[in-house]
Amino acid sequence: MQSLYQALTTLGLQNQVNVSTAHKLDILATSYPPSSGTFREDLASYLQPILNFLSQANSPFLINAYPFFAYKGDPNSISLPYALFESNAGQIDSNTNLTYDNMLYAQIDAVYAAMKAMGHTDISVAVSETGWPSKGDTDEIGASVENAAAYNGNLLKRVSMNQGTPHKPDVPVDVHVFALFNENSKTGPTSERNYGLFYPNSTPVYNIGLQNTESSGSSGTYFTSSALESSTSKLMISYGMGILVLVVAIFF
């Protein structure tokens with residue numbers, strides 16, 4: 001990242017292209033309540049120089065956040081409407097009295113708290129991957145077409161409202177949705193092959209109301225709703241990590 005940033009600086013592009021890297025959410029040792037978020041101690045020596053670099057380069061901290069995994073792991077304790085952005089009583093952070101009505105925003109704020117604990121309040125958080133599978137194995141509770149459509153559709157509505165998180169209400173959330181296509185040759189659980197909006201033959205798995213199609217060139221594609229055309233928030237749908245890097249480089 002430092003080498004890329006130096007090259008961009010040499011070309012005078014450091015203010016047009018952001019350099020960052022994505023992290024799994026399990027880098028957190030604590031995520032609840034969000035204000036108590038902390039990074040794992042065994043990763044601190046690696047994360048500190050990354051945070052210092054992102055601060056210097058004015059780049060976002062990227063996280064891959066999937067409320068589906070949390071719900072699948074403990075469906076008896078986690079409310080499905082809370083995970084899907086649907087109507088629910090919400091959860092109150094006992095330290096801040098802030099109310100969270102969805103898990104994704106709570107996860108984002110937990111990362112903000114973890115960065116603050118390491119001395120940084122000057123870095124934004126962006127979601128480099130999130131999504132919900134439309135199909136899963138018998139033990140993958142919650143993986144269904146209905147839930148996938150609800151999660152991504154409700155997320156799209158939230159992003160179009162320019163909402164921030166409870167901790168950062170004035171900072172609109174940037175989100176990359178995984179994925180454009182189902183990956184029928186991918187290994188692992190059935191859910192891993194069923195995050196897409198489209199089947200590999202380009203027929204839709206479900207429709208969340210995306211209206212316009214844009215192309216970022218021969219290397220990738222993203223979709224945006226007409227409701228987002230004037231939005232400060234950004235929601236992109238990517239079909240692979242290589243494309244994600246391109247989207248991040250151009251649009252952050």
# chains A, B, ... in the order shown; residues from 1 in each chain; ligands from 1
$ residues_around --residues "range 69-72 of chain A" --least-positions-apart "4" --cutoff "12 Å" --atoms "only C-alpha atoms" --output "VMD selection string"
chain A and resid 24 to 26 31 64 to 65 76 to 84 102 to 104 107 130 to 133 136 to 144 147 191 to 192
$ write_last_selection --atoms "N, CA, C and O atoms" --output "short mmCIF file (atom, residue, chain, number, x, y, z; two decimals), in the first residue's frame"
data_model
loop_
_atom_site.label_atom_id
_atom_site.label_comp_id
_atom_site.auth_asym_id
_atom_site.auth_seq_id
_atom_site.Cartn_x
_atom_site.Cartn_y
_atom_site.Cartn_z
N LYS A 24 -11.69 -8.87 7.31
CA LYS A 24 -12.81 -9.62 7.85
C LYS A 24 -13.20 -9.03 9.20
O LYS A 24 -12.38 -8.48 9.92
N LEU A 25 -14.47 -9.18 9.55
CA LEU A 25 -14.94 -8.58 10.79
C LEU A 25 -14.41 -9.32 12.02
O LEU A 25 -14.48 -8.80 13.14
N ASP A 26 -13.86 -10.51 11.83
CA ASP A 26 -13.33 -11.22 12.99
C ASP A 26 -11.99 -10.65 13.48
O ASP A 26 -11.35 -11.22 14.36
N SER A 31 -17.37 -6.67 19.89
CA SER A 31 -18.18 -5.87 18.97
C SER A 31 -19.50 -5.42 19.61
O SER A 31 -20.25 -4.68 18.98
N ASN A 64 -15.35 -6.29 5.61
CA ASN A 64 -16.31 -7.22 5.02
C ASN A 64 -17.26 -7.63 6.14
O ASN A 64 -16.86 -8.39 7.03
N ALA A 65 -18.47 -7.13 6.12
CA ALA A 65 -19.41 -7.34 7.23
C ALA A 65 -20.66 -8.07 6.74
O ALA A 65 -21.35 -7.59 5.85
N ASN A 76 -31.19 -17.97 17.81
CA ASN A 76 -32.08 -17.86 18.97
C ASN A 76 -31.88 -16.56 19.73
O ASN A 76 -32.77 -16.12 20.47
N SER A 77 -30.71 -15.95 19.56
CA SER A 77 -30.41 -14.71 20.29
C SER A 77 -30.49 -13.47 19.42
O SER A 77 -30.66 -12.36 19.92
N ILE A 78 -30.33 -13.64 18.12
CA ILE A 78 -30.30 -12.50 17.20
C ILE A 78 -31.62 -12.43 16.44
O ILE A 78 -32.06 -13.42 15.83
N SER A 79 -32.24 -11.29 16.46
CA SER A 79 -33.51 -11.09 15.77
C SER A 79 -33.29 -11.03 14.27
O SER A 79 -32.44 -10.27 13.79
N LEU A 80 -34.05 -11.81 13.52
CA LEU A 80 -33.93 -11.77 12.06
C LEU A 80 -34.29 -10.39 11.51
O LEU A 80 -33.57 -9.87 10.64
N PRO A 81 -35.37 -9.74 11.96
CA PRO A 81 -35.65 -8.38 11.48
C PRO A 81 -34.51 -7.42 11.75
O PRO A 81 -34.24 -6.52 10.94
N TYR A 82 -33.82 -7.57 12.88
CA TYR A 82 -32.67 -6.72 13.20
C TYR A 82 -31.55 -6.93 12.19
O TYR A 82 -30.88 -5.98 11.80
N ALA A 83 -31.36 -8.16 11.75
CA ALA A 83 -30.32 -8.46 10.77
C ALA A 83 -30.70 -8.00 9.38
O ALA A 83 -29.83 -7.67 8.56
N LEU A 84 -32.01 -7.95 9.08
CA LEU A 84 -32.49 -7.66 7.73
C LEU A 84 -32.92 -6.21 7.52
O LEU A 84 -33.51 -5.90 6.49
N ASN A 102 -30.40 -2.00 13.29
CA ASN A 102 -29.89 -3.01 12.37
C ASN A 102 -28.47 -3.39 12.75
O ASN A 102 -27.73 -2.58 13.33
N MET A 103 -28.10 -4.60 12.44
CA MET A 103 -26.81 -5.14 12.87
C MET A 103 -25.64 -4.54 12.09
O MET A 103 -24.56 -4.30 12.65
N LEU A 104 -25.81 -4.29 10.80
CA LEU A 104 -24.70 -3.79 10.00
C LEU A 104 -24.16 -2.48 10.54
O LEU A 104 -22.95 -2.29 10.67
N GLN A 107 -22.18 -3.04 13.60
CA GLN A 107 -20.85 -3.57 13.28
C GLN A 107 -19.91 -2.46 12.83
O GLN A 107 -18.74 -2.42 13.21
N THR A 130 -20.71 -6.88 1.72
CA THR A 130 -21.81 -7.35 2.53
C THR A 130 -22.83 -7.98 1.60
O THR A 130 -22.82 -7.72 0.39
N GLY A 131 -23.70 -8.79 2.14
CA GLY A 131 -24.69 -9.46 1.30
C GLY A 131 -25.41 -10.53 2.10
O GLY A 131 -25.16 -10.71 3.30
N TRP A 132 -26.28 -11.24 1.41
CA TRP A 132 -27.06 -12.31 2.06
C TRP A 132 -27.32 -13.41 1.02
O TRP A 132 -27.75 -13.11 -0.09
N PRO A 133 -27.06 -14.67 1.36
CA PRO A 133 -27.24 -15.74 0.38
C PRO A 133 -28.70 -16.10 0.16
O PRO A 133 -29.51 -16.08 1.09
N GLY A 136 -28.85 -22.03 0.92
CA GLY A 136 -27.80 -22.57 1.78
C GLY A 136 -28.04 -24.02 2.12
O GLY A 136 -29.04 -24.61 1.71
N ASP A 137 -27.11 -24.59 2.87
CA ASP A 137 -27.29 -25.95 3.35
C ASP A 137 -28.34 -25.98 4.46
O ASP A 137 -28.79 -24.94 4.94
N THR A 138 -28.71 -27.18 4.89
CA THR A 138 -29.77 -27.30 5.90
C THR A 138 -29.40 -26.63 7.22
O THR A 138 -30.29 -26.20 7.96
N ASP A 139 -28.11 -26.55 7.52
CA ASP A 139 -27.69 -25.91 8.76
C ASP A 139 -27.41 -24.42 8.60
O ASP A 139 -26.99 -23.76 9.56
N GLU A 140 -27.62 -23.88 7.42
CA GLU A 140 -27.39 -22.45 7.18
C GLU A 140 -28.72 -21.70 7.31
O GLU A 140 -29.35 -21.31 6.33
N ILE A 141 -29.11 -21.53 8.55
CA ILE A 141 -30.40 -20.93 8.86
C ILE A 141 -30.48 -19.50 8.35
O ILE A 141 -29.56 -18.71 8.55
N GLY A 142 -31.56 -19.19 7.67
CA GLY A 142 -31.77 -17.83 7.19
C GLY A 142 -31.41 -17.62 5.74
O GLY A 142 -31.74 -16.57 5.16
N ALA A 143 -30.72 -18.59 5.12
CA ALA A 143 -30.34 -18.43 3.72
C ALA A 143 -31.54 -18.75 2.84
O ALA A 143 -31.95 -19.90 2.70
N SER A 144 -32.13 -17.73 2.24
CA SER A 144 -33.31 -17.91 1.39
C SER A 144 -33.43 -16.73 0.44
O SER A 144 -32.87 -15.66 0.68
N ASN A 147 -35.11 -13.71 2.25
CA ASN A 147 -34.25 -12.97 3.16
C ASN A 147 -33.16 -12.20 2.41
O ASN A 147 -32.80 -11.08 2.79
N SER A 191 -24.17 -21.79 0.53
CA SER A 191 -24.35 -20.33 0.56
C SER A 191 -23.26 -19.61 -0.21
O SER A 191 -23.52 -18.56 -0.82
N GLU A 192 -22.03 -20.15 -0.22
CA GLU A 192 -20.93 -19.49 -0.90
C GLU A 192 -21.18 -19.34 -2.40
O GLU A 192 -20.60 -18.47 -3.05
#
$ select_by_dssp --residues "range 48-207 of chain A" --states "strand (DSSP E)" --output "number ranges by chain"
A: 61-64, 91-92, 99-100, 125-130, 174-178
$ select_by_dssp --residues "range 61-104 of chain A" --states "helix (DSSP H, G or I)" --output "list in words"
Pro67, Phe68, Phe69, Ala70, Tyr71, Lys72, Gly73, Leu80, Pro81, Tyr82, Ala83, Met103 and Leu104 of chain A
$ write_last_selection --atoms "C-alpha atoms" --output "CSV table (one decimal), in the first residue's frame"
chain,number,residue,atom,x,y,z
A,67,PRO,CA,-24.9,-10.0,9.5
A,68,PHE,CA,-26.0,-13.3,7.9
A,69,PHE,CA,-23.1,-15.1,9.6
A,70,ALA,CA,-24.0,-13.7,13.0
A,71,TYR,CA,-27.6,-14.7,12.6
A,72,LYS,CA,-26.7,-18.2,11.3
A,73,GLY,CA,-24.4,-18.7,14.3
A,80,LEU,CA,-33.9,-11.8,12.1
A,81,PRO,CA,-35.7,-8.4,11.5
A,82,TYR,CA,-32.7,-6.7,13.2
A,83,ALA,CA,-30.3,-8.5,10.8
A,103,MET,CA,-26.8,-5.1,12.9
A,104,LEU,CA,-24.7,-3.8,10.0
$ residues_around --residues "Pro200 in chain A" --least-positions-apart "5" --cutoff "12 Å" --atoms "only C-alpha atoms" --output "MDAnalysis selection string"
chainID A and resid 179:186 193:195 205 239
$ closest_residue --among "A:Ser35, A:Asn15, A:Tyr105, A:Ser134" --to "Asp93 in chain A" --atoms "only C-alpha atoms"
A:Ser35
$ atom_distance --atom1 "CA of Gly153 in chain A" --atom2 "CA of Thr187 in chain A"
26.6 Å
$ residues_around --residues "Tyr206 in chain A" --least-positions-apart "3" --cutoff "10 Å" --atoms "only C-alpha atoms" --output "number ranges by chain"
A: 134, 145-146, 148-149, 196-199, 203, 209
$ closest_residue --among "A:Ile27, A:Gly90, A:Ala57, A:Arg158" --to "Ser3 in chain A" --atoms "only C-alpha atoms"
A:Ala57
$ closest_atom_pairs --of "range 37-107 of chain A" --to "range 160-170 of chain A" --cutoff "9 Å" --atoms "only C-alpha atoms" --output "Markdown table"
| residue | atom | partner | partner_atom | distance |
| --- | --- | --- | --- | --- |
| A:Thr96 | CA | A:His167 | CA | 8.9 |
| A:Leu98 | CA | A:Pro166 | CA | 6.3 |
| A:Thr99 | CA | A:Pro166 | CA | 7.1 |
| A:Tyr100 | CA | A:Pro166 | CA | 6.9 |
| A:Tyr105 | CA | A:Thr165 | CA | 5.5 |
| A:Ala106 | CA | A:Thr165 | CA | 7.6 |
$ write_last_selection --atoms "all heavy atoms" --output "mmCIF file, in the first residue's frame"
data_model
loop_
_atom_site.group_PDB
_atom_site.id
_atom_site.type_symbol
_atom_site.label_atom_id
_atom_site.label_comp_id
_atom_site.auth_asym_id
_atom_site.auth_seq_id
_atom_site.Cartn_x
_atom_site.Cartn_y
_atom_site.Cartn_z
ATOM 1 N N THR A 96 -23.640 4.526 25.501
ATOM 2 C CA THR A 96 -23.922 5.775 24.792
ATOM 3 C C THR A 96 -25.403 6.119 24.717
ATOM 4 O O THR A 96 -25.756 7.235 24.334
ATOM 5 C CB THR A 96 -23.381 5.697 23.352
ATOM 6 O OG1 THR A 96 -24.072 4.632 22.659
ATOM 7 C CG2 THR A 96 -21.882 5.405 23.352
ATOM 8 N N LEU A 98 -27.270 5.124 22.522
ATOM 9 C CA LEU A 98 -27.641 5.146 21.114
ATOM 10 C C LEU A 98 -28.423 3.879 20.779
ATOM 11 O O LEU A 98 -28.092 2.792 21.260
ATOM 12 C CB LEU A 98 -26.401 5.238 20.228
ATOM 13 C CG LEU A 98 -25.586 6.530 20.334
ATOM 14 C CD1 LEU A 98 -24.305 6.420 19.507
ATOM 15 C CD2 LEU A 98 -26.412 7.725 19.875
ATOM 16 N N THR A 99 -29.459 4.026 19.957
ATOM 17 C CA THR A 99 -30.291 2.886 19.572
ATOM 18 C C THR A 99 -29.920 2.406 18.172
ATOM 19 O O THR A 99 -29.825 3.213 17.235
ATOM 20 C CB THR A 99 -31.783 3.263 19.600
ATOM 21 O OG1 THR A 99 -32.142 3.664 20.920
ATOM 22 C CG2 THR A 99 -32.647 2.074 19.190
ATOM 23 N N TYR A 100 -29.747 1.110 18.039
ATOM 24 C CA TYR A 100 -29.413 0.488 16.757
ATOM 25 C C TYR A 100 -30.580 -0.374 16.299
ATOM 26 O O TYR A 100 -31.034 -1.255 17.031
ATOM 27 C CB TYR A 100 -28.152 -0.366 16.884
ATOM 28 C CG TYR A 100 -26.904 0.459 17.086
ATOM 29 C CD1 TYR A 100 -26.543 0.913 18.350
ATOM 30 C CD2 TYR A 100 -26.091 0.801 16.004
ATOM 31 C CE1 TYR A 100 -25.415 1.689 18.541
ATOM 32 C CE2 TYR A 100 -24.952 1.577 16.183
ATOM 33 C CZ TYR A 100 -24.623 2.022 17.447
ATOM 34 O OH TYR A 100 -23.497 2.796 17.626
ATOM 35 N N TYR A 105 -25.051 -1.561 10.882
ATOM 36 C CA TYR A 105 -24.601 -0.269 11.398
ATOM 37 C C TYR A 105 -23.941 -0.429 12.766
ATOM 38 O O TYR A 105 -23.022 0.329 13.107
ATOM 39 C CB TYR A 105 -25.765 0.709 11.462
ATOM 40 C CG TYR A 105 -26.170 1.276 10.108
ATOM 41 C CD1 TYR A 105 -25.760 0.667 8.923
ATOM 42 C CD2 TYR A 105 -26.956 2.412 10.007
ATOM 43 C CE1 TYR A 105 -26.121 1.170 7.687
ATOM 44 C CE2 TYR A 105 -27.327 2.941 8.769
ATOM 45 C CZ TYR A 105 -26.902 2.299 7.608
ATOM 46 O OH TYR A 105 -27.257 2.811 6.388
ATOM 47 N N ALA A 106 -24.396 -1.385 13.560
ATOM 48 C CA ALA A 106 -23.755 -1.668 14.832
ATOM 49 C C ALA A 106 -22.345 -2.197 14.611
ATOM 50 O O ALA A 106 -21.406 -1.840 15.337
ATOM 51 C CB ALA A 106 -24.578 -2.670 15.630
#
$ closest_residue --among "A:Asp109, A:Leu4, A:Ala22, A:Tyr66" --to "Thr38 in chain A" --atoms "only C-alpha atoms"
A:Asp109
$ closest_residue --among "A:Asn52, A:Asn207, A:Ser124, A:Asn201" --to "Asp174 in chain A" --atoms "only C-alpha atoms"
A:Ser124
$ atom_distance --atom1 "CA of Val127 in chain A" --atom2 "CA of Ala7 in chain A"
25.4 Å
$ closest_residue --among "A:Ser45, A:Ser20, A:Ser36, A:Gln6" --to "Asn95 in chain A" --atoms "only C-alpha atoms"
A:Ser36
